[in-house]
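Colleague: I am sharing work_29.csv, which consists of CSV, C-alpha atoms:
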chain,number,residue,atom,x,y,z
A,1,MET,CA,142.6,246.5,109.4
A,2,ASP,CA,144.2,248.7,112.1
A,3,GLY,CA,147.4,250.3,110.9
A,4,ASP,CA,147.0,249.0,107.4
A,5,GLN,CA,147.6,252.4,105.9
A,6,ASP,CA,149.1,255.6,107.1
A,7,VAL,CA,147.3,258.9,106.4
A,8,GLY,CA,148.9,262.1,107.6
A,9,GLY,CA,151.4,260.1,109.6
A,10,TRP,CA,148.8,258.4,111.6
A,11,PRO,CA,147.5,254.8,111.1
A,12,VAL,CA,144.0,254.4,109.7
A,13,GLU,CA,142.0,252.5,112.3
A,14,ASP,CA,138.6,250.8,112.5
A,15,ILE,CA,136.1,252.8,114.4
A,16,PRO,CA,133.9,250.7,116.8
A,17,ASN,CA,130.1,251.2,116.6
A,18,ALA,CA,130.0,252.0,120.3
A,19,ASP,CA,132.2,255.1,119.9
A,20,THR,CA,131.1,258.7,119.2
A,21,LEU,CA,131.6,261.2,116.4
A,22,PHE,CA,131.7,265.0,117.0
A,23,LEU,CA,130.5,267.4,114.3
A,24,ARG,CA,131.2,271.2,114.3
A,25,VAL,CA,128.1,273.2,113.2
A,26,HIS,CA,128.3,276.9,112.2
A,27,HIS,CA,125.5,279.1,113.8
A,28,ALA,CA,124.3,279.9,110.3
A,29,ASN,CA,123.2,276.3,110.0
A,30,VAL,CA,121.1,276.4,113.1
A,31,ARG,CA,117.5,277.6,113.4
A,32,ASN,CA,115.4,277.8,116.5
A,33,GLY,CA,118.1,275.9,118.3
A,34,ARG,CA,118.1,273.0,115.9
A,35,PRO,CA,120.6,272.2,113.1
A,36,ILE,CA,119.0,272.6,109.6
A,37,PRO,CA,119.6,269.6,107.2
A,38,ARG,CA,122.4,271.4,105.5
A,39,ALA,CA,124.5,271.0,108.7
A,40,TYR,CA,125.3,267.5,107.5
A,41,ASN,CA,126.7,268.8,104.2
A,42,GLU,CA,129.3,266.5,102.6
A,43,HIS,CA,132.2,268.3,100.9
A,44,GLU,CA,135.8,267.6,100.1
A,45,GLY,CA,135.4,263.9,100.6
A,46,GLY,CA,132.8,263.7,103.3
A,47,MET,CA,131.2,265.3,106.3
A,48,SER,CA,134.2,266.1,108.6
A,49,THR,CA,133.9,264.8,112.1
A,50,ASN,CA,136.1,263.8,115.0
A,51,TRP,CA,136.4,260.4,116.5
A,52,SER,CA,135.9,260.3,120.3
A,53,ARG,CA,139.0,258.1,120.8
A,54,TYR,CA,141.2,261.1,120.0
A,55,ALA,CA,139.0,264.2,120.5
A,56,ASP,CA,136.2,265.5,122.6
A,57,ALA,CA,133.5,268.0,121.9
A,58,GLU,CA,135.4,271.0,123.2
A,59,LEU,CA,138.5,270.1,121.2
A,60,THR,CA,136.4,269.8,118.1
A,61,ARG,CA,135.0,273.2,118.6
A,62,GLN,CA,138.4,274.8,119.3
A,63,GLN,CA,139.8,273.2,116.1
A,64,ALA,CA,137.9,275.8,114.1
A,65,ALA,CA,140.7,278.2,115.0
A,66,LEU,CA,143.1,276.0,113.0
A,67,ILE,CA,141.2,276.7,109.8
A,68,VAL,CA,142.0,279.9,108.0
A,69,HIS,CA,139.0,281.7,106.5
A,70,ALA,CA,139.3,281.7,102.7
A,71,VAL,CA,138.0,285.3,102.4
A,72,THR,CA,139.4,287.1,105.5
A,73,GLY,CA,142.6,285.1,105.8
A,74,ARG,CA,142.0,285.0,109.5
A,75,PRO,CA,141.4,281.9,111.7
A,76,LYS,CA,137.8,281.0,112.1
A,77,ASN,CA,136.2,281.8,115.5
A,78,PRO,CA,135.3,278.8,117.6
A,79,ALA,CA,132.6,280.8,119.3
A,80,ASN,CA,130.6,280.7,116.0
A,81,TYR,CA,130.2,276.9,116.3
A,82,GLY,CA,128.3,274.4,118.3
A,83,VAL,CA,129.1,270.7,118.4
A,84,LEU,CA,126.8,267.7,117.8
A,85,HIS,CA,127.6,264.2,118.8
A,86,PHE,CA,126.5,260.9,117.1
A,87,GLY,CA,126.8,257.3,117.9
A,88,VAL,CA,128.9,255.6,115.2
A,89,GLY,CA,126.6,252.6,115.0
A,90,ALA,CA,123.6,254.7,114.5
A,91,VAL,CA,125.3,256.6,111.7
A,92,ARG,CA,126.3,253.3,110.0
A,93,GLU,CA,122.7,252.2,110.0
A,94,ILE,CA,121.8,254.9,107.5
A,95,GLU,CA,121.6,253.5,104.0
A,96,ASP,CA,124.7,254.4,101.8
A,97,VAL,CA,126.4,256.2,104.7
A,98,GLU,CA,130.0,255.2,105.7
A,99,VAL,CA,132.3,256.2,108.5
A,100,ILE,CA,135.9,256.3,107.5
A,101,HIS,CA,138.8,257.2,109.7
A,102,THR,CA,140.9,259.8,107.7
A,103,PRO,CA,143.5,261.2,110.1
A,104,ARG,CA,145.4,264.3,109.3
A,105,ILE,CA,148.8,265.4,110.4
A,106,GLU,CA,147.3,268.0,112.8
A,107,ASN,CA,144.2,265.9,113.7
A,108,ARG,CA,144.4,262.2,114.4
A,109,ALA,CA,140.7,262.1,115.2
A,110,HIS,CA,139.6,263.3,111.8
A,111,THR,CA,136.9,261.0,110.3
A,112,ASP,CA,134.9,261.4,107.1
A,113,VAL,CA,131.3,260.4,107.0
A,114,THR,CA,130.3,259.8,103.3
A,115,GLY,CA,126.9,259.7,101.6
A,116,THR,CA,125.4,262.4,103.8
A,117,ASN,CA,124.1,264.7,101.0
A,118,SER,CA,121.0,262.6,100.3
A,119,PRO,CA,117.8,263.8,101.8
A,120,GLU,CA,117.4,260.5,103.6
A,121,ALA,CA,120.8,260.7,105.2
A,122,ARG,CA,120.2,264.2,106.3
A,123,VAL,CA,116.8,263.5,107.8
A,124,LYS,CA,118.1,260.6,109.7
A,125,LEU,CA,121.2,262.3,110.9
A,126,GLY,CA,118.9,265.1,112.2
A,127,ARG,CA,117.2,262.5,114.4
A,128,ILE,CA,120.3,260.8,115.9
A,129,GLY,CA,122.5,263.8,116.5
A,130,ASP,CA,122.3,265.7,119.8
A,131,TRP,CA,124.1,268.8,121.0
A,132,ALA,CA,127.3,268.2,123.0
A,133,ILE,CA,127.9,272.0,122.9
A,134,PRO,CA,124.8,273.9,121.8
A,135,ILE,CA,124.8,277.2,120.0
B,136,MET,CA,77.8,302.0,87.0
B,137,LYS,CA,77.8,305.6,88.2
B,138,ASN,CA,81.0,307.5,87.7
B,139,ILE,CA,80.9,309.6,90.8
B,140,ARG,CA,84.1,311.5,90.1
B,141,ALA,CA,82.9,312.5,86.6
B,142,GLU,CA,79.6,313.6,88.0
B,143,PHE,CA,81.4,315.6,90.6
B,144,LEU,CA,83.6,317.3,88.1
B,145,ALA,CA,80.7,318.1,85.8
B,146,GLU,CA,78.8,319.6,88.6
B,147,LYS,CA,81.8,321.6,89.7
B,148,SER,CA,82.0,323.2,86.2
B,149,ASP,CA,78.2,323.7,85.9
B,150,PRO,CA,77.7,327.5,86.1
B,151,ARG,CA,74.6,327.0,88.2
B,152,VAL,CA,76.7,325.5,90.9
B,153,ALA,CA,80.0,327.1,90.1
B,154,SER,CA,79.8,329.2,93.1
B,155,SER,CA,78.6,326.4,95.3
B,156,GLN,CA,82.0,326.2,97.0
B,157,ASP,CA,81.3,329.5,98.5
B,158,TRP,CA,78.9,327.8,100.8
B,159,LEU,CA,81.7,325.5,102.1
B,160,ARG,CA,83.8,326.4,105.0
B,161,LYS,CA,87.0,328.1,104.1
B,162,PRO,CA,89.3,325.0,104.5
B,163,TYR,CA,87.1,323.0,102.2
B,164,GLN,CA,87.0,325.6,99.5
B,165,ARG,CA,90.6,324.8,98.6
B,166,PHE,CA,89.7,321.2,97.8
B,167,ASP,CA,90.3,320.4,94.1
B,168,ALA,CA,89.3,316.9,93.0
B,169,ASN,CA,91.7,317.2,90.1
B,170,LYS,CA,94.6,317.3,92.5
B,171,TRP,CA,93.1,314.7,94.8
B,172,THR,CA,95.8,312.0,95.2
B,173,ILE,CA,96.3,309.5,97.9
B,174,ASN,CA,99.6,308.1,98.8
B,175,VAL,CA,98.6,304.4,98.8
B,176,GLY,CA,102.0,303.2,99.9
B,177,GLN,CA,101.9,305.5,103.0
B,178,HIS,CA,98.3,305.0,104.0
B,179,PHE,CA,97.4,301.6,102.7
B,180,PRO,CA,100.7,299.6,102.6
B,181,GLU,CA,98.8,296.3,102.6
B,182,LEU,CA,97.5,297.2,99.2
B,183,ILE,CA,101.0,297.4,97.7
B,184,ALA,CA,102.1,294.0,96.2
B,185,GLU,CA,105.6,293.1,95.1
B,186,GLU,CA,105.8,291.4,91.8
B,187,TYR,CA,107.2,288.2,93.3
B,188,GLN,CA,104.0,288.0,95.5
B,189,LEU,CA,102.1,287.1,92.4
B,190,LEU,CA,103.6,283.6,92.8
B,191,TRP,CA,101.1,282.9,95.6
B,192,ALA,CA,98.4,285.5,94.8
B,193,SER,CA,95.9,282.8,94.0
B,194,LEU,CA,96.2,281.1,97.4
B,195,PRO,CA,93.1,281.4,99.6
B,196,TYR,CA,93.3,282.9,103.1
B,197,GLN,CA,93.1,279.4,104.6
B,198,LEU,CA,96.7,278.9,103.3
B,199,CYS,CA,98.1,282.1,104.7
B,200,HIS,CA,100.5,280.1,106.8
B,201,PHE,CA,102.4,279.4,103.6
B,202,THR,CA,102.6,283.0,102.5
B,203,GLU,CA,104.3,283.9,105.8
B,204,VAL,CA,106.9,281.3,105.2
B,205,PHE,CA,107.3,282.3,101.5
B,206,GLU,CA,107.8,285.9,102.5
B,207,SER,CA,110.4,285.2,105.3
B,208,SER,CA,112.3,282.8,102.9
B,209,ARG,CA,113.2,285.9,100.9
B,210,ALA,CA,116.0,286.2,103.4
B,211,LEU,CA,117.8,283.5,101.4
B,212,LEU,CA,118.4,286.0,98.7
B,213,GLU,CA,120.2,288.3,101.1
B,214,LEU,CA,122.9,285.7,101.9
B,215,GLU,CA,126.2,286.7,100.4
B,216,ASP,CA,128.9,284.3,99.3
B,217,ASP,CA,130.6,282.6,102.2
B,218,TRP,CA,127.6,283.3,104.4
B,219,ASP,CA,128.4,280.3,106.6
B,220,GLY,CA,132.1,280.8,106.8
B,221,ASN,CA,132.6,277.6,104.8
B,222,GLY,CA,132.2,278.8,101.2
B,223,GLY,CA,128.4,278.9,101.2
B,224,GLN,CA,127.2,280.4,97.9
B,225,SER,CA,124.5,283.0,97.4
B,226,PHE,CA,121.1,282.2,95.9
B,227,THR,CA,119.4,283.5,92.8
B,228,GLU,CA,115.9,285.0,92.4
B,229,ASP,CA,115.1,282.3,89.8
B,230,HIS,CA,116.1,279.5,92.1
B,231,TRP,CA,114.0,280.9,94.9
B,232,ARG,CA,111.0,281.3,92.6
B,233,LEU,CA,111.3,277.8,91.4
B,234,VAL,CA,111.0,276.6,95.0
B,235,ILE,CA,108.1,278.8,95.9
B,236,ARG,CA,106.2,277.9,92.7
B,237,PHE,CA,106.7,274.2,93.5
B,238,ILE,CA,105.1,274.6,96.9
B,239,ALA,CA,102.4,277.2,96.1
B,240,ASP,CA,101.1,275.3,93.0
B,241,ASN,CA,100.9,272.1,94.9
B,242,VAL,CA,99.3,273.3,98.1
B,243,ALA,CA,96.8,275.3,96.0
B,244,TRP,CA,95.9,272.1,94.1
B,245,LEU,CA,95.6,270.2,97.4
B,246,TRP,CA,93.2,272.8,98.7
B,247,GLN,CA,91.1,273.3,95.6
B,248,ARG,CA,90.8,269.7,94.6
B,249,ARG,CA,90.7,267.9,97.9
B,250,GLY,CA,90.0,270.6,100.5
B,251,MET,CA,93.1,269.5,102.4
B,252,THR,CA,96.2,271.4,103.6
B,253,ILE,CA,99.4,270.6,105.4
B,254,GLU,CA,101.8,272.5,107.7
B,255,ALA,CA,104.1,275.0,106.1
B,256,PRO,CA,107.7,273.8,105.5
B,257,GLU,CA,110.9,275.4,106.6
B,258,ILE,CA,112.8,276.7,103.5
B,259,SER,CA,116.6,276.8,104.1
B,260,PRO,CA,119.9,276.5,102.2
B,261,GLY,CA,120.8,273.0,101.1
B,262,PRO,CA,124.2,271.5,100.2
B,263,GLY,CA,126.0,273.5,97.4
B,264,GLN,CA,123.6,275.4,95.1
B,265,THR,CA,120.4,273.7,96.4
B,266,ILE,CA,117.5,274.8,98.6
B,267,ASP,CA,115.9,272.5,101.2
B,268,VAL,CA,112.2,272.3,101.8
B,269,HIS,CA,111.7,270.6,105.1
B,270,TRP,CA,108.5,269.5,106.8
B,271,GLN,CA,108.9,268.2,110.3
B,272,THR,CA,105.6,267.4,112.0
B,273,THR,CA,104.5,264.9,114.7
B,274,ALA,CA,103.0,262.8,111.9
B,275,PHE,CA,105.7,262.8,109.2
B,276,GLU,CA,108.9,264.3,108.1
B,277,MET,CA,109.7,265.2,104.5
B,278,LEU,CA,112.8,266.8,103.0
B,279,VAL,CA,112.8,267.9,99.3
B,280,ASN,CA,116.1,269.2,98.0
B,281,ILE,CA,115.8,271.5,94.9
B,282,PRO,CA,118.9,272.3,92.9
B,283,ALA,CA,119.4,275.7,91.1
B,284,ASP,CA,119.9,273.9,87.8
B,285,VAL,CA,116.4,273.1,86.5
B,286,ALA,CA,117.8,270.3,84.4
B,287,GLN,CA,118.7,268.4,87.6
B,288,PRO,CA,115.9,266.6,89.4
B,289,ALA,CA,114.8,267.5,92.9
B,290,GLN,CA,115.5,264.7,95.4
B,291,PHE,CA,113.2,263.8,98.3
B,292,TYR,CA,112.9,261.6,101.3
B,293,GLY,CA,110.0,261.3,103.7
B,294,ASP,CA,108.6,258.9,106.4
B,295,ASP,CA,105.8,258.8,108.9
B,296,ALA,CA,105.4,257.9,112.5
B,297,VAL,CA,104.6,254.3,111.7
B,298,GLY,CA,107.6,253.7,109.5
B,299,HIS,CA,106.3,254.1,106.0
B,300,ASP,CA,108.8,255.9,103.9
B,301,LEU,CA,109.2,257.1,100.3
B,302,LYS,CA,112.1,258.6,98.4
B,303,GLY,CA,113.0,259.4,94.9
B,304,LYS,CA,113.5,262.2,92.4
B,305,LEU,CA,111.0,264.8,91.1
B,306,ASP,CA,110.8,266.6,87.8
B,307,LEU,CA,109.6,270.0,88.9
B,308,SER,CA,108.2,270.8,85.4
B,309,ARG,CA,105.6,268.0,85.8
B,310,ASP,CA,102.8,267.5,88.3
B,311,ASN,CA,104.0,266.5,91.7
B,312,PHE,CA,100.8,266.9,93.8
B,313,TRP,CA,100.8,263.2,94.7
B,314,LEU,CA,103.7,264.0,97.1
B,315,PHE,CA,101.6,266.7,98.8
B,316,LEU,CA,98.7,264.3,98.9
B,317,TRP,CA,100.9,261.8,100.7
B,318,MET,CA,101.8,264.4,103.3
B,319,ALA,CA,98.2,265.6,103.7
B,320,THR,CA,97.0,262.0,104.4
B,321,LYS,CA,99.5,261.8,107.2
B,322,THR,CA,98.3,264.9,108.9
I need this file expressed as structure tokens, please.
Modeller:
Amino acid sequence: MDGDQDVGGWPVEDIPNADTLFLRVHHANVRNGRPIPRAYNEHEGGMSTNWSRYADAELTRQQAALIVHAVTGRPKNPANYGVLHFGVGAVREIEDVEVIHTPRIENRAHTDVTGTNSPEARVKLGRIGDWAIPI
Amino acid sequence: MKNIRAEFLAEKSDPRVASSQDWLRKPYQRFDANKWTINVGQHFPELIAEEYQLLWASLPYQLCHFTEVFESSRALLELEDDWDGNGGQSFTEDHWRLVIRFIADNVAWLWQRRGMTIEAPEISPGPGQTIDVHWQTTAFEMLVNIPADVAQPAQFYGDDAVGHDLKGKLDLSRDNFWLFLWMATKT
């Protein structure tokens, strides 16, 4: 499947189960040091994560600055975010959840995780995720 | 029942005791029961109830751990649009009341009918226009997701320490105490 299709100028690749995904979490979605279930919110095609082959936790956090805030028109502040990491295989074990490499021009690591809005998926993601950069 | 205030006022106007105040010390002579008012809000704030607190007024004191969570969950209503920097929407009073009524009615049933209770949940924003009710204990975990649109069912998932799980949809207009009974039997 590798290189079957180009998205954002990058080939779409298969992501091995042994690899890791990084998820940026806004501090508003954290209570008592733990992410609330909403942190795994799926929107615009999935829960946006980064694949460890092309990104690490710190890069994932800093990429917040590439996103312009819809209200203020200013870049988002990376300091407002922590980063969780997940094992790809553990994510795939959750029923109806898929991990799909969806690279973007500015981010080859971008990966959508779909099916995460169900209560079951969010409970289980809460168990397998761990802080790479706590907030 | 004796009406003490009426008796006092009658006695006060009785000519036989009209001058009785003269026997009082000066500061007390100015006392007029007709102007006797107490600022309850200032002196007894615990007696003042907000209208929304009627939602859980019938809960016994043994369930006060829920009322604390209900009260603190009012903070949801203070969230403004884009509260999470990612387009998070504000929540309505009706939506919050729907969630509180769901919990309060069912824990009251559990207590009154079975003499059982469970830990209080965490109430937090869910995806989109939904509110999450989340129990996370050493014995079980349960997440109920309640949409603002009452025509939409609530969705839930829960499991326990030995791997039993249940998931599905709830019609909040019907009885759902079986779900709370499931949690109580795990506790």
Colleague: Between atom CA of Ala283 of chain B and atom CA of Trp317 of chain B, what is the distance, to one decimal in Å?
Modeller: 25.1 Å
Colleague: Quick one: contact table of chain B to chain A, 10 Å max, nearest atom pair and distance in Å to one decimal per residue, counting only C-alpha atoms, chain and number order, as a tab-separated table?
Modeller:
residue	atom	partner	partner_atom	distance
B:Asp216	CA	A:Val71	CA	9.7
B:Asp217	CA	A:Val71	CA	7.9
B:Trp218	CA	A:Ala28	CA	7.6
B:Asp219	CA	A:Ala28	CA	5.5
B:Gly220	CA	A:His69	CA	7.0
B:Asn221	CA	A:His69	CA	7.8
B:Gly222	CA	A:Ala70	CA	7.8
B:Glu257	CA	A:Ile36	CA	9.1
B:Ile258	CA	A:Ile36	CA	9.6
B:Ser259	CA	A:Ile36	CA	7.3
B:Pro260	CA	A:Arg38	CA	6.6
B:Gly261	CA	A:Arg38	CA	4.9
B:Pro262	CA	A:Asn41	CA	5.4
B:Gly263	CA	A:Asn41	CA	8.3
B:Thr265	CA	A:Arg38	CA	9.6
B:Ile266	CA	A:Arg38	CA	9.1
B:Asp267	CA	A:Pro37	CA	7.6
B:Val268	CA	A:Pro37	CA	9.6
B:His269	CA	A:Pro37	CA	8.2
B:Gln271	CA	A:Val123	CA	9.5
B:Glu276	CA	A:Val123	CA	7.9
B:Met277	CA	A:Val123	CA	8.0
B:Leu278	CA	A:Pro119	CA	6.0
B:Val279	CA	A:Pro119	CA	6.9
B:Asn280	CA	A:Pro119	CA	6.8
B:Gln290	CA	A:Pro119	CA	6.9
B:Phe291	CA	A:Pro119	CA	5.8
B:Tyr292	CA	A:Glu120	CA	5.2
B:Gly293	CA	A:Glu120	CA	7.4
B:Asp294	CA	A:Glu120	CA	9.4
B:Asp300	CA	A:Glu120	CA	9.8
B:Leu301	CA	A:Glu120	CA	9.5
B:Lys302	CA	A:Glu120	CA	7.7
B:Gly303	CA	A:Pro119	CA	9.5
Colleague: Quick check, in Å to one decimal: how far apart do atom CA of Gly223 of chain B and atom CA of Ala210 of chain B lie?
Modeller: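 Going from atom CA of Gly223 of chain B over to atom CA of Ala210 of chain B, I get 14.6 Å.
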Colleague: Write out as a ChimeraX atom specification each polymer residue whose atoms come within 7 Å of Thr111 of chain A, counting only C-alpha atoms; drop sequence neighbours fewer than 2 positions from it.
Modeller: /A:48-51,99-103,109,113
Colleague: Suppose you want the space between atom CA of Gly126 of chain A and atom CA of Val97 of chain A; what is it in Å?
Modeller: 13.8 Å
Colleague: With distances taken over all atoms listed in the file, which of B:Tyr187, B:Tyr196, B:Phe201, B:Phe226 is nearest to Val242 of chain B?
Modeller: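 Nearest to Val242 of chain B: B:Phe201.
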Colleague: For the point (101.1, 257.4, 114.9) in the file's frame, write as a list in words all residues with an atom no more than 7 Å away, counting all atoms listed in the file.
Modeller: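 So the residues meeting the distance criterion are Ala274, Ala296 and Val297 of chain B.
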